[in-house]
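The file run.tsv contains TSV, C-alpha atoms:
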chain	number	residue	atom	x	y	z
A	193	MET	CA	0.00	0.00	0.00
A	194	LEU	CA	1.32	3.44	-0.95
A	195	HIS	CA	0.63	6.13	1.70
A	196	ILE	CA	0.14	9.68	0.43
A	197	GLU	CA	0.17	12.40	3.10
A	198	SER	CA	0.28	15.52	0.93
A	199	VAL	CA	-0.14	16.64	-2.66
A	200	VAL	CA	3.20	17.04	-4.47
A	201	GLY	CA	1.83	19.78	-6.75
A	202	ASP	CA	-0.22	20.60	-9.81
A	203	ARG	CA	0.49	18.79	-13.09
A	204	ALA	CA	0.24	22.18	-14.82
A	205	ASP	CA	3.23	23.47	-12.85
A	206	PRO	CA	6.03	23.76	-15.48
A	207	ALA	CA	8.63	21.72	-13.57
A	208	LEU	CA	6.20	18.90	-12.81
A	209	HIS	CA	4.75	19.08	-16.29
A	210	ARG	CA	8.19	18.42	-17.82
A	211	ARG	CA	8.85	15.44	-15.58
A	212	LEU	CA	5.38	14.01	-16.22
A	213	HIS	CA	5.84	14.47	-19.95
A	214	HIS	CA	8.98	12.28	-19.86
A	215	LEU	CA	7.25	9.64	-17.75
A	216	GLU	CA	4.21	9.64	-20.04
A	217	HIS	CA	6.44	8.60	-22.97
A	218	ARG	CA	7.32	5.53	-20.93
A	219	HIS	CA	3.68	4.91	-19.96
A	220	ALA	CA	4.72	5.40	-16.36
A	221	VAL	CA	1.97	7.81	-15.27
A	222	ASP	CA	-0.84	6.14	-13.35
A	223	GLU	CA	-3.97	8.31	-13.54
A	224	ILE	CA	-6.62	7.79	-10.87
A	225	VAL	CA	-10.11	8.92	-11.89
A	226	ILE	CA	-11.90	10.01	-8.71
A	227	PRO	CA	-15.69	10.40	-8.67
A	228	ARG	CA	-16.79	14.00	-8.07
A	229	ALA	CA	-18.49	12.99	-4.80
A	230	ASP	CA	-15.15	11.72	-3.44
A	231	MET	CA	-13.07	14.78	-4.36
A	232	ASP	CA	-13.92	16.54	-1.07
A	233	ARG	CA	-12.55	13.71	1.08
A	234	ARG	CA	-9.25	14.22	2.92
A	235	ARG	CA	-8.90	10.46	3.39
A	236	LEU	CA	-9.72	7.77	0.92
A	237	ARG	CA	-8.40	4.52	-0.38
A	238	VAL	CA	-8.25	3.95	-4.11
A	239	THR	CA	-6.80	1.41	-6.54
A	240	THR	CA	-4.97	2.86	-9.53
A	241	PRO	CA	-5.55	1.53	-13.07
A	242	LYS	CA	-2.18	-0.24	-12.73
A	243	GLY	CA	-3.53	-1.98	-9.62
A	244	GLU	CA	-1.70	-0.13	-6.85
A	245	ASP	CA	-3.53	0.30	-3.51
A	246	VAL	CA	-3.18	3.97	-2.57
A	247	ALA	CA	-4.11	5.32	0.88
A	248	ILE	CA	-4.59	9.09	0.72
A	249	ALA	CA	-4.58	11.04	4.01
A	250	LEU	CA	-4.23	14.76	3.40
A	251	PRO	CA	-3.85	17.46	6.05
A	252	ARG	CA	-7.19	19.19	6.78
A	253	ASP	CA	-6.09	22.33	4.91
A	254	GLN	CA	-5.39	20.45	1.67
A	255	LYS	CA	-7.83	19.14	-0.89
A	256	LEU	CA	-7.63	16.94	-3.96
A	257	PHE	CA	-8.03	18.66	-7.30
A	258	ASP	CA	-8.00	17.73	-10.95
A	259	GLY	CA	-4.34	17.36	-11.90
A	260	ALA	CA	-3.05	16.86	-8.35
A	261	VAL	CA	0.24	14.97	-8.48
A	262	LEU	CA	0.21	12.51	-5.58
A	263	TYR	CA	3.53	10.80	-6.23
A	264	ILE	CA	6.45	11.24	-8.59
A	265	ASP	CA	9.97	9.86	-8.85
A	266	ASP	CA	12.25	9.01	-11.77
A	267	GLU	CA	10.37	5.81	-12.48
A	268	ARG	CA	6.67	6.66	-12.20
A	269	ALA	CA	3.98	9.11	-11.14
A	270	ILE	CA	0.43	9.01	-9.81
A	271	VAL	CA	-1.93	11.82	-10.82
A	272	VAL	CA	-5.57	12.58	-9.93
A	273	ARG	CA	-8.16	13.12	-12.60
A	274	ALA	CA	-11.50	14.40	-11.29
A	275	GLU	CA	-14.52	12.75	-12.85
A	276	VAL	CA	-16.38	15.20	-15.05
A	277	GLU	CA	-19.23	16.79	-13.13
A	278	ARG	CA	-22.72	16.93	-14.61
A	279	TRP	CA	-25.01	19.90	-14.09
A	280	LEU	CA	-28.65	20.56	-14.79
A	281	ARG	CA	-29.26	24.09	-16.05
A	282	LEU	CA	-32.71	25.40	-15.16
A	283	GLN	CA	-34.08	28.51	-16.80
A	284	PRO	CA	-37.08	30.00	-14.94
A	285	SER	CA	-39.53	31.87	-17.14
A	286	SER	CA	-40.36	34.60	-14.60
A	287	ILE	CA	-39.02	36.20	-11.42
A	288	ALA	CA	-41.75	34.45	-9.43
A	289	GLU	CA	-40.74	31.07	-10.83
A	290	GLY	CA	-37.08	31.86	-10.12
A	291	ILE	CA	-37.84	32.66	-6.48
A	292	GLU	CA	-39.89	29.49	-6.12
A	293	LEU	CA	-37.16	27.41	-7.73
A	294	GLY	CA	-34.49	28.91	-5.45
A	295	TYR	CA	-36.64	28.19	-2.40
A	296	HIS	CA	-37.13	24.53	-3.35
A	297	ALA	CA	-33.48	24.03	-4.35
A	298	GLY	CA	-32.46	25.30	-0.90
A	299	ASN	CA	-34.94	23.06	0.88
A	300	LEU	CA	-33.63	20.07	-1.05
A	301	HIS	CA	-30.01	20.97	-0.15
A	302	TRP	CA	-29.03	20.82	-3.80
A	303	ARG	CA	-25.56	22.11	-4.60
A	304	VAL	CA	-26.07	25.01	-7.01
A	305	ARG	CA	-24.33	27.67	-9.04
A	306	PHE	CA	-25.75	30.78	-10.64
A	307	GLU	CA	-25.21	31.74	-14.24
A	308	GLY	CA	-27.05	34.82	-15.48
A	309	GLU	CA	-30.75	34.01	-15.22
A	310	SER	CA	-30.12	30.27	-14.88
A	311	LEU	CA	-29.74	28.07	-11.85
A	312	LEU	CA	-27.21	25.24	-12.25
A	313	ILE	CA	-27.72	22.15	-10.09
A	314	ALA	CA	-24.90	19.66	-9.54
A	315	LEU	CA	-26.16	16.15	-10.31
A	316	GLU	CA	-25.14	13.69	-7.62
A	317	GLY	CA	-27.41	10.94	-8.95
A	318	PRO	CA	-29.56	10.16	-11.98
A	319	ALA	CA	-31.04	13.26	-13.67
A	320	GLU	CA	-34.44	11.53	-13.58
A	321	ALA	CA	-34.48	11.80	-9.77
A	322	TYR	CA	-34.08	15.60	-10.06
A	323	TYR	CA	-36.78	15.86	-12.75
A	324	ALA	CA	-39.09	13.81	-10.53
A	325	ARG	CA	-38.64	16.30	-7.64
A	326	LEU	CA	-39.19	19.26	-9.94
A	327	ASP	CA	-42.30	17.74	-11.52
A	328	ASN	CA	-43.67	17.09	-8.06
A	329	LEU	CA	-42.95	20.60	-6.76
A	330	PHE	CA	-44.10	22.44	-9.86
A	331	ALA	CA	-47.17	20.24	-10.36
A	332	GLY	CA	-46.48	19.52	-13.99
A	333	ARG	CA	-45.40	23.05	-14.98
A	334	ARG	CA	-42.29	22.71	-17.11
A	335	ILE	CA	-39.08	24.57	-16.39
A	336	ARG	CA	-36.71	24.83	-19.31
A	337	SER	CA	-33.72	22.62	-18.57
A	338	THR	CA	-30.49	21.47	-20.18
A	339	LEU	CA	-27.98	18.84	-19.11
A	340	LEU	CA	-24.36	20.02	-19.05
A	341	THR	CA	-21.03	18.36	-18.32
A	342	GLY	CA	-18.19	19.85	-16.29
A	343	SER	CA	-16.22	21.89	-18.79
A	344	ALA	CA	-19.35	23.35	-20.38
A	345	ALA	CA	-20.56	24.46	-16.97
A	346	ALA	CA	-17.24	25.78	-15.72
B	561	MET	CA	-18.93	22.93	24.08
B	562	THR	CA	-15.94	24.78	25.31
B	563	GLN	CA	-14.30	27.12	22.84
B	564	SER	CA	-11.05	27.32	24.78
B	565	ARG	CA	-8.02	26.19	22.83
B	566	HIS	CA	-5.40	23.79	24.06
B	567	ASP	CA	-1.66	24.26	23.74
B	568	TRP	CA	-0.05	22.89	20.61
B	569	PRO	CA	2.72	20.58	21.85
B	570	SER	CA	4.06	19.87	18.37
B	571	LEU	CA	4.67	23.56	17.76
B	572	VAL	CA	6.10	24.18	21.20
B	573	ALA	CA	8.49	21.25	20.79
B	574	SER	CA	9.73	22.34	17.35
B	575	ARG	CA	13.09	24.13	17.45
B	576	SER	CA	13.85	23.97	13.75
B	577	ASP	CA	13.58	27.10	11.63
B	578	ALA	CA	12.43	25.04	8.67
B	579	PRO	CA	8.65	24.82	8.42
B	580	ALA	CA	7.40	21.40	9.40
B	581	PRO	CA	5.94	19.47	6.47
B	582	PRO	CA	2.14	19.31	6.52
B	583	ARG	CA	0.97	16.37	8.54
B	584	ALA	CA	-2.13	14.32	7.99
B	585	SER	CA	-4.48	14.60	10.93
B	586	ALA	CA	-6.55	11.94	12.66
B	587	ALA	CA	-9.20	10.25	10.56
B	588	ARG	CA	-12.67	11.66	11.14
B	589	ILE	CA	-15.83	9.62	10.72
B	590	GLY	CA	-19.51	10.44	11.23
B	591	VAL	CA	-22.32	8.37	12.74
B	592	GLY	CA	-25.78	9.68	11.84
B	593	GLY	CA	-29.32	8.38	11.76
B	594	PRO	CA	-32.84	8.80	13.11
B	595	VAL	CA	-33.64	9.35	16.80
B	596	GLY	CA	-33.43	6.11	18.76
B	597	SER	CA	-31.82	4.01	16.01
B	598	GLY	CA	-28.86	3.14	18.24
B	599	LYS	CA	-26.08	5.55	17.30
B	600	THR	CA	-24.76	5.93	20.85
B	601	ALA	CA	-25.15	2.20	21.53
B	602	LEU	CA	-23.19	1.44	18.36
B	603	ILE	CA	-20.40	3.80	19.42
B	604	GLU	CA	-20.37	2.19	22.89
B	605	ALA	CA	-19.90	-1.17	21.18
B	606	LEU	CA	-17.33	0.17	18.70
B	607	ILE	CA	-15.03	1.74	21.32
B	608	PRO	CA	-13.78	-1.59	22.75
B	609	ALA	CA	-13.72	-3.18	19.29
B	610	LEU	CA	-11.47	-0.35	18.03
B	611	HIS	CA	-9.37	-0.36	21.22
B	612	ARG	CA	-8.68	-4.06	20.62
B	613	ARG	CA	-7.32	-3.04	17.23
B	614	GLY	CA	-4.99	-0.59	18.96
B	615	VAL	CA	-6.82	2.51	17.68
B	616	ASP	CA	-6.24	5.74	19.63
B	617	LEU	CA	-9.65	7.45	19.47
B	618	ALA	CA	-11.92	10.20	20.77
B	619	VAL	CA	-15.60	11.08	20.34
B	620	VAL	CA	-17.59	14.25	19.70
B	621	THR	CA	-21.31	13.95	20.45
B	622	ASN	CA	-24.02	16.26	19.16
B	623	ASP	CA	-27.25	16.91	21.02
B	624	LEU	CA	-29.99	19.47	20.58
B	625	VAL	CA	-29.73	21.50	23.79
B	626	THR	CA	-28.04	19.11	26.25
B	627	LYS	CA	-24.87	17.05	26.59
B	628	GLU	CA	-26.82	13.85	27.30
B	629	ASP	CA	-24.95	11.55	24.90
B	630	ALA	CA	-21.55	12.88	25.96
B	631	GLU	CA	-22.40	12.34	29.63
B	632	ARG	CA	-23.57	8.80	28.85
B	633	LEU	CA	-20.25	7.98	27.14
B	634	ARG	CA	-18.19	9.66	29.87
B	635	ARG	CA	-19.97	7.60	32.53
B	636	SER	CA	-19.67	4.39	30.53
B	637	GLY	CA	-16.13	3.62	31.64
B	638	LEU	CA	-15.33	2.65	28.04
B	639	ILE	CA	-13.26	5.73	27.27
B	640	ALA	CA	-11.43	8.40	29.28
B	641	PRO	CA	-14.03	11.14	29.96
B	642	GLU	CA	-11.73	13.88	28.66
B	643	ARG	CA	-11.73	12.16	25.26
B	644	VAL	CA	-15.42	12.96	24.82
B	645	LEU	CA	-16.53	16.46	23.80
B	646	ALA	CA	-20.09	17.66	23.34
B	647	VAL	CA	-21.50	20.05	20.77
B	648	GLU	CA	-24.98	21.48	21.31
B	649	ALA	CA	-26.57	22.05	17.92
B	650	GLY	CA	-29.34	24.29	19.27
B	651	ALA	CA	-31.23	23.63	16.02
B	652	CYS	CA	-31.81	20.86	13.49
B	653	PRO	CA	-28.93	18.38	14.03
B	654	HIS	CA	-27.92	18.35	10.36
B	655	THR	CA	-27.09	22.06	10.46
B	656	VAL	CA	-23.92	21.38	12.48
B	657	ILE	CA	-22.77	18.33	10.53
B	658	ARG	CA	-23.51	19.63	7.04
B	659	GLU	CA	-24.48	23.29	6.53
B	660	ASP	CA	-22.04	24.78	9.03
B	661	PRO	CA	-19.90	22.12	10.72
B	662	THR	CA	-17.42	24.61	12.23
B	663	LEU	CA	-18.35	23.84	15.87
B	664	ASN	CA	-17.67	20.16	15.26
B	665	MET	CA	-14.48	20.87	13.32
B	666	ALA	CA	-13.22	23.00	16.23
B	667	ALA	CA	-14.04	20.19	18.67
B	668	GLY	CA	-12.08	17.76	16.48
B	669	ASP	CA	-9.15	20.18	16.37
B	670	ASP	CA	-9.26	20.56	20.17
B	671	LEU	CA	-9.13	16.79	20.64
B	672	GLU	CA	-6.23	16.40	18.20
B	673	ALA	CA	-4.33	19.16	19.99
B	674	ALA	CA	-4.99	17.63	23.41
B	675	PHE	CA	-4.12	14.06	22.39
B	676	PRO	CA	-1.11	13.90	20.06
B	677	GLY	CA	-1.11	10.57	18.25
B	678	LEU	CA	-4.89	10.49	18.05
B	679	GLU	CA	-5.86	8.32	15.07
B	680	LEU	CA	-9.64	8.57	14.94
B	681	VAL	CA	-12.34	11.05	15.94
B	682	ILE	CA	-15.92	9.77	15.83
B	683	PHE	CA	-18.60	12.46	15.37
B	684	GLU	CA	-22.04	11.37	16.52
B	685	SER	CA	-24.85	13.42	15.02
B	686	GLY	CA	-27.94	14.24	17.01
B	687	GLY	CA	-30.91	12.07	16.04
B	688	ASP	CA	-32.34	13.36	12.76
B	689	ASN	CA	-34.37	12.25	9.78
B	690	LEU	CA	-33.62	10.24	6.65
B	691	ALA	CA	-32.37	13.32	4.76
B	692	SER	CA	-29.43	13.84	7.10
B	693	THR	CA	-25.95	13.71	5.56
B	694	PHE	CA	-22.43	14.74	6.67
B	695	SER	CA	-20.25	17.38	5.05
B	696	LEU	CA	-16.98	15.91	3.77
B	697	ASP	CA	-15.31	19.04	5.15
B	698	LEU	CA	-16.06	17.56	8.57
B	699	VAL	CA	-15.63	13.82	8.11
B	700	ASP	CA	-13.76	11.54	5.72
B	701	TRP	CA	-16.33	8.75	5.81
B	702	TRP	CA	-19.69	8.26	7.51
B	703	ILE	CA	-22.14	5.68	8.76
B	704	PHE	CA	-25.93	5.97	8.74
B	705	VAL	CA	-27.72	3.89	11.39
B	706	ILE	CA	-31.32	2.77	10.98
B	707	ASP	CA	-33.10	0.06	12.96
B	708	VAL	CA	-35.60	-2.64	12.21
B	709	ALA	CA	-38.12	-1.24	14.74
B	710	GLY	CA	-38.27	1.97	12.71
B	711	GLY	CA	-39.97	-0.01	9.94
B	712	ASP	CA	-38.76	-2.27	7.15
B	713	ASP	CA	-39.85	0.29	4.56
B	714	ILE	CA	-37.02	2.72	5.44
B	715	PRO	CA	-34.58	1.50	2.74
B	716	ARG	CA	-37.34	1.71	0.11
B	717	LYS	CA	-37.92	5.36	1.02
B	718	LYS	CA	-34.47	6.20	-0.39
B	719	GLY	CA	-33.56	8.97	2.03
B	720	PRO	CA	-30.21	10.66	1.29
B	721	GLY	CA	-28.76	9.23	4.52
B	722	VAL	CA	-29.63	5.71	3.38
B	723	LEU	CA	-28.37	6.26	-0.17
B	724	LYS	CA	-25.24	8.37	0.31
B	725	SER	CA	-23.63	7.02	3.49
B	726	ASP	CA	-20.42	5.05	3.09
B	727	LEU	CA	-21.81	2.31	5.33
B	728	LEU	CA	-25.45	1.64	6.19
B	729	VAL	CA	-25.99	-0.09	9.53
B	730	VAL	CA	-29.31	-1.82	10.17
B	731	ASN	CA	-29.42	-2.12	13.95
B	732	LYS	CA	-31.58	-3.95	16.54
B	733	THR	CA	-31.83	-7.06	14.39
B	734	ASP	CA	-33.00	-8.99	17.47
B	735	LEU	CA	-36.26	-7.02	17.42
B	736	ALA	CA	-37.24	-8.09	13.90
B	737	PRO	CA	-39.55	-10.97	14.92
B	738	HIS	CA	-41.24	-8.76	17.54
B	739	VAL	CA	-42.11	-5.94	15.17
B	740	GLY	CA	-43.12	-8.05	12.17
B	741	VAL	CA	-40.08	-7.21	10.07
B	742	ASP	CA	-38.72	-9.58	7.42
B	743	LEU	CA	-35.02	-8.83	8.05
B	744	PRO	CA	-33.56	-10.63	4.98
B	745	ARG	CA	-35.96	-8.70	2.75
B	746	MET	CA	-35.13	-5.39	4.48
B	747	LEU	CA	-31.39	-6.03	3.96
B	748	ALA	CA	-31.94	-7.06	0.33
B	749	GLU	CA	-33.89	-3.85	-0.32
B	750	ALA	CA	-31.14	-1.81	1.36
B	751	ASP	CA	-28.58	-3.47	-0.93
B	752	ALA	CA	-30.75	-2.76	-3.96
B	753	VAL	CA	-31.14	0.99	-3.33
B	754	ARG	CA	-27.45	1.54	-2.39
B	755	GLY	CA	-25.99	0.32	-5.67
B	756	GLY	CA	-23.23	-1.80	-4.17
B	757	ARG	CA	-22.31	0.32	-1.15
B	758	PRO	CA	-21.98	-1.86	1.95
B	759	VAL	CA	-24.74	-2.67	4.44
B	760	VAL	CA	-24.10	-4.30	7.83
B	761	ALA	CA	-26.74	-5.77	10.15
B	762	THR	CA	-25.99	-5.26	13.84
B	763	ASN	CA	-27.33	-5.79	17.30
B	764	ALA	CA	-25.26	-3.22	19.17
B	765	ARG	CA	-26.48	-4.52	22.55
B	766	SER	CA	-25.21	-8.08	21.97
B	767	GLY	CA	-22.29	-7.02	19.78
B	768	ALA	CA	-23.45	-8.93	16.69
B	769	GLY	CA	-22.07	-7.32	13.53
B	770	VAL	CA	-20.03	-4.72	15.44
B	771	GLU	CA	-16.70	-6.30	14.44
B	772	ASP	CA	-17.73	-5.92	10.78
B	773	VAL	CA	-18.34	-2.19	11.35
B	774	ALA	CA	-14.95	-1.83	13.11
B	775	ASP	CA	-13.28	-3.70	10.22
B	776	ALA	CA	-14.92	-1.35	7.71
B	777	ILE	CA	-13.63	1.72	9.59
B	778	ALA	CA	-10.15	0.21	9.93
B	779	HIS	CA	-10.03	-0.56	6.22
B	780	ALA	CA	-11.55	2.65	4.83
B	781	VAL	CA	-9.89	5.41	6.86
B	782	LEU	CA	-7.23	3.83	9.09
B	783	PHE	CA	-5.75	1.93	6.15
B	784	ARG	CA	-5.31	-1.30	8.04
B	785	GLU	CA	-4.86	-4.08	5.50

Would you encode the structure as structure tokens?
Amino acid sequence: MLHIESVVGDRADPALHRRLHHLEHRHAVDEIVIPRADMDRRRLRVTTPKGEDVAIALPRDQKLFDGAVLYIDDERAIVVRAEVERWLRLQPSSIAEGIELGYHAGNLHWRVRFEGESLLIALEGPAEAYYARLDNLFAGRRIRSTLLTGSAAA
Amino acid sequence: MTQSRHDWPSLVASRSDAPAPPRASAARIGVGGPVGSGKTALIEALIPALHRRGVDLAVVTNDLVTKEDAERLRRSGLIAPERVLAVEAGACPHTVIREDPTLNMAAGDDLEAAFPGLELVIFESGGDNLASTFSLDLVDWWIFVIDVAGGDDIPRKKGPGVLKSDLLVVNKTDLAPHVGVDLPRMLAEADAVRGGRPVVATNARSGAGVEDVADAIAHAVLFRE
């Protein structure tokens, strides 16, 4: 088991980027895809695609992020890739509907972002479950909605 | 809870000018679930099971406006009383484990400062409803405790606590025949709604299933093999 107690750095950092580039040519970079729901954990245990058991225990003031380099030496590296997050964009048709939507989203403890006149809801389960709640709350009235993935919503 | 801070022995002891490398802190886990499901009883059963595994631990309890659960643990003789801190939520219990967990985070920090070498802090939520979940800013991993006497339809109701917890504990299995619950079916339905996340059946009073819960904690956050 490989114990990781801090993040080495960001893969975009020029010095790390150069080293990773060399290792990538030798297929020596192990990339762990971490589900979005697990990215906030300070401690977790994961198995890399190459089969290594990795025990991550970060200090409380550190967090995982997309591109976090967990381990690197001359032979290999382990890098985090955050699973792409999905968002539901809701476009209320009036101020009244927007207020009502905001009220319900708060009551449901949905994780949200604001974008102009749209409310973006992070999907932590099937989109159908969110549509079911909305249909129930809005008694069949339709709210314009679009499904987005991480980069489009960023 | 007390807001007073303890001394920081690691800082006092350091004489080097070089900044100390960041150090991972103790693992933090949550135990949540409805009122009366057996959260405190499970923790009372887990303490000796974890002690047998050599785990250095402390507990933070959450109550509405009292320190009832903390007092119960302190009197239990299972753990040194000073290793139990109490947080009074003063409102819905989930507010201090999810929306604003700072009181609990401060209690965890106080315990880590007071007991260097601490490996595990267990945060017990006040009794809540099926929508209760823990912030991952507070804990690394969390358990949701339901019980057979609460009704065998609880898993089917798909509350966020049941769906999102890292481990679902179905407690008071001994009561199943007395309350007309088909336990195997209840466990099968819990498995079905959790999409592969683990479910453990326990009787915290007799100790049945408690070792499995301790093993799950040791594996997930203490990284025992």

Near chain A, meaning an atom within 12 Å, which residues of chain B appear when counting all atoms listed in the file? Write them as a PDB file with C-alpha atoms, keeping the file's coordinate frame.
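Below you can see result.pdb, which holds the result:
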ATOM      1  CA  PRO B 581       5.940  19.470   6.470  1.00  0.00           C
ATOM      2  CA  PRO B 582       2.140  19.310   6.520  1.00  0.00           C
ATOM      3  CA  ARG B 583       0.970  16.370   8.540  1.00  0.00           C
ATOM      4  CA  ALA B 584      -2.130  14.320   7.990  1.00  0.00           C
ATOM      5  CA  SER B 585      -4.480  14.600  10.930  1.00  0.00           C
ATOM      6  CA  ALA B 586      -6.550  11.940  12.660  1.00  0.00           C
ATOM      7  CA  ALA B 587      -9.200  10.250  10.560  1.00  0.00           C
ATOM      8  CA  ARG B 588     -12.670  11.660  11.140  1.00  0.00           C
ATOM      9  CA  ILE B 589     -15.830   9.620  10.720  1.00  0.00           C
ATOM     10  CA  HIS B 654     -27.920  18.350  10.360  1.00  0.00           C
ATOM     11  CA  THR B 655     -27.090  22.060  10.460  1.00  0.00           C
ATOM     12  CA  ARG B 658     -23.510  19.630   7.040  1.00  0.00           C
ATOM     13  CA  GLU B 659     -24.480  23.290   6.530  1.00  0.00           C
ATOM     14  CA  MET B 665     -14.480  20.870  13.320  1.00  0.00           C
ATOM     15  CA  ALA B 666     -13.220  23.000  16.230  1.00  0.00           C
ATOM     16  CA  GLY B 668     -12.080  17.760  16.480  1.00  0.00           C
ATOM     17  CA  ASP B 669      -9.150  20.180  16.370  1.00  0.00           C
ATOM     18  CA  GLU B 672      -6.230  16.400  18.200  1.00  0.00           C
ATOM     19  CA  GLU B 679      -5.860   8.320  15.070  1.00  0.00           C
ATOM     20  CA  LEU B 680      -9.640   8.570  14.940  1.00  0.00           C
ATOM     21  CA  ALA B 691     -32.370  13.320   4.760  1.00  0.00           C
ATOM     22  CA  SER B 692     -29.430  13.840   7.100  1.00  0.00           C
ATOM     23  CA  THR B 693     -25.950  13.710   5.560  1.00  0.00           C
ATOM     24  CA  PHE B 694     -22.430  14.740   6.670  1.00  0.00           C
ATOM     25  CA  SER B 695     -20.250  17.380   5.050  1.00  0.00           C
ATOM     26  CA  LEU B 696     -16.980  15.910   3.770  1.00  0.00           C
ATOM     27  CA  ASP B 697     -15.310  19.040   5.150  1.00  0.00           C
ATOM     28  CA  LEU B 698     -16.060  17.560   8.570  1.00  0.00           C
ATOM     29  CA  VAL B 699     -15.630  13.820   8.110  1.00  0.00           C
ATOM     30  CA  ASP B 700     -13.760  11.540   5.720  1.00  0.00           C
ATOM     31  CA  TRP B 701     -16.330   8.750   5.810  1.00  0.00           C
ATOM     32  CA  TRP B 702     -19.690   8.260   7.510  1.00  0.00           C
ATOM     33  CA  LYS B 718     -34.470   6.200  -0.390  1.00  0.00           C
ATOM     34  CA  GLY B 719     -33.560   8.970   2.030  1.00  0.00           C
ATOM     35  CA  PRO B 720     -30.210  10.660   1.290  1.00  0.00           C
ATOM     36  CA  LEU B 723     -28.370   6.260  -0.170  1.00  0.00           C
ATOM     37  CA  LYS B 724     -25.240   8.370   0.310  1.00  0.00           C
ATOM     38  CA  SER B 725     -23.630   7.020   3.490  1.00  0.00           C
ATOM     39  CA  ASP B 726     -20.420   5.050   3.090  1.00  0.00           C
ATOM     40  CA  ARG B 754     -27.450   1.540  -2.390  1.00  0.00           C
ATOM     41  CA  GLY B 755     -25.990   0.320  -5.670  1.00  0.00           C
ATOM     42  CA  ALA B 776     -14.920  -1.350   7.710  1.00  0.00           C
ATOM     43  CA  ILE B 777     -13.630   1.720   9.590  1.00  0.00           C
ATOM     44  CA  ALA B 778     -10.150   0.210   9.930  1.00  0.00           C
ATOM     45  CA  HIS B 779     -10.030  -0.560   6.220  1.00  0.00           C
ATOM     46  CA  ALA B 780     -11.550   2.650   4.830  1.00  0.00           C
ATOM     47  CA  VAL B 781      -9.890   5.410   6.860  1.00  0.00           C
ATOM     48  CA  LEU B 782      -7.230   3.830   9.090  1.00  0.00           C
ATOM     49  CA  PHE B 783      -5.750   1.930   6.150  1.00  0.00           C
ATOM     50  CA  ARG B 784      -5.310  -1.300   8.040  1.00  0.00           C
ATOM     51  CA  GLU B 785      -4.860  -4.080   5.500  1.00  0.00           C
TER      52      GLU B 785
END

Looking at A:Arg273, A:Thr239, A:Leu256, A:Glu267, which one is nearest to His219 in chain A, with distances taken over only C-alpha atoms?
->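 Going through A:Arg273, A:Thr239, A:Leu256, A:Glu267 one by one, the smallest distance to His219 in chain A is for A:Glu267.
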
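Taking CA of Arg716 in chain B as the reference point, CA of Ala750 in chain B is found at 7.2 Å.
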
Hey, which of A:Ala204, A:Ala260, A:Ala331, A:Val271 ends up closest to Ala220 in chain A? Count all atoms listed in the file.
->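 Of all the options, A:Val271 lies closest to Ala220 in chain A.
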
Among B:Arg635, B:Lys599, B:Arg612, B:Arg765, Gly686 in chain B is approached most closely, using only C-alpha atoms, by B:Lys599

Taken to one decimal, the CA of Asp660 in chain B-CA of Phe330 in chain A distance is 29.1 Å

Which neighbours of Val625 in chain B fall inside 9 Å, counting all atoms listed in the file, when residues of the same chain fewer than 5 positions from it are skipped, and could you give them as a PyMOL selection string?
-> chain B and resi 647-651

With only C-alpha atoms as the atoms that count, which of B:Leu638, B:Ser685, B:Asp712, B:Val620 lies nearest to Asp670 in chain B?
-> B:Val620

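When only C-alpha atoms are used to measure the gap to Pro758 in chain B, the shortest distance among B:Ala601, B:Ile703, B:Leu610, B:Ala646 belongs to B:Ile703.
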
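Note that CA of Gly598 in chain B and CA of Lys732 in chain B are 7.8 Å apart.
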
Find the residues with any atom within 8 Å of (-28.2, 0.5, 3.0); use only C-alpha atoms and the coordinates as given in the file, and write the answer as a tab-separated table (two decimals) with C-alpha atoms, in the frame of the given file.
chain	number	residue	atom	x	y	z
B	715	PRO	CA	-34.58	1.50	2.74
B	722	VAL	CA	-29.63	5.71	3.38
B	723	LEU	CA	-28.37	6.26	-0.17
B	725	SER	CA	-23.63	7.02	3.49
B	727	LEU	CA	-21.81	2.31	5.33
B	728	LEU	CA	-25.45	1.64	6.19
B	729	VAL	CA	-25.99	-0.09	9.53
B	730	VAL	CA	-29.31	-1.82	10.17
B	747	LEU	CA	-31.39	-6.03	3.96
B	749	GLU	CA	-33.89	-3.85	-0.32
B	750	ALA	CA	-31.14	-1.81	1.36
B	751	ASP	CA	-28.58	-3.47	-0.93
B	753	VAL	CA	-31.14	0.99	-3.33
B	754	ARG	CA	-27.45	1.54	-2.39
B	757	ARG	CA	-22.31	0.32	-1.15
B	758	PRO	CA	-21.98	-1.86	1.95
B	759	VAL	CA	-24.74	-2.67	4.44
B	760	VAL	CA	-24.10	-4.30	7.83

Can you tell me, as a list in words, what residues are no more than 12 Å from Ile607 in chain B when counting all atoms listed in the file, ignoring any on the same chain fewer than 5 positions away?
-> Thr600, Ala601, Leu602, Arg612, Arg613, Gly614, Val615, Asp616, Leu617, Ala618, Val619, Leu633, Ser636, Gly637, Leu638, Ile639, Ala640, Arg643, Val644, Leu680, Val681, Ile682, Ala764, Gly767, Val770, Glu771, Val773, Ala774 and Ile777 of chain B

Of the listed residues A:Arg203, A:Arg336, A:His209, A:Arg218, that which approaches Asp258 in chain A most closely, counting all atoms listed in the file =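 Of the candidates, the smallest distance to Asp258 in chain A is held by A:Arg203.
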
Axis-aligned box for all listed atoms of range 198-203 of chain A, 5 Å per side, centre and edges in Å to one decimal, as AutoDock Vina command-line options:
--center_x 1.5 --center_y 18.1 --center_z -6.1 --size_x 13.4 --size_y 15.1 --size_z 24.0

Neighbour list for Ser337 in chain A as a VMD selection string, cut-off 8 Å, all atoms listed in the file, skip fewer than 6 positions in-chain | chain A and resid 280 to 283
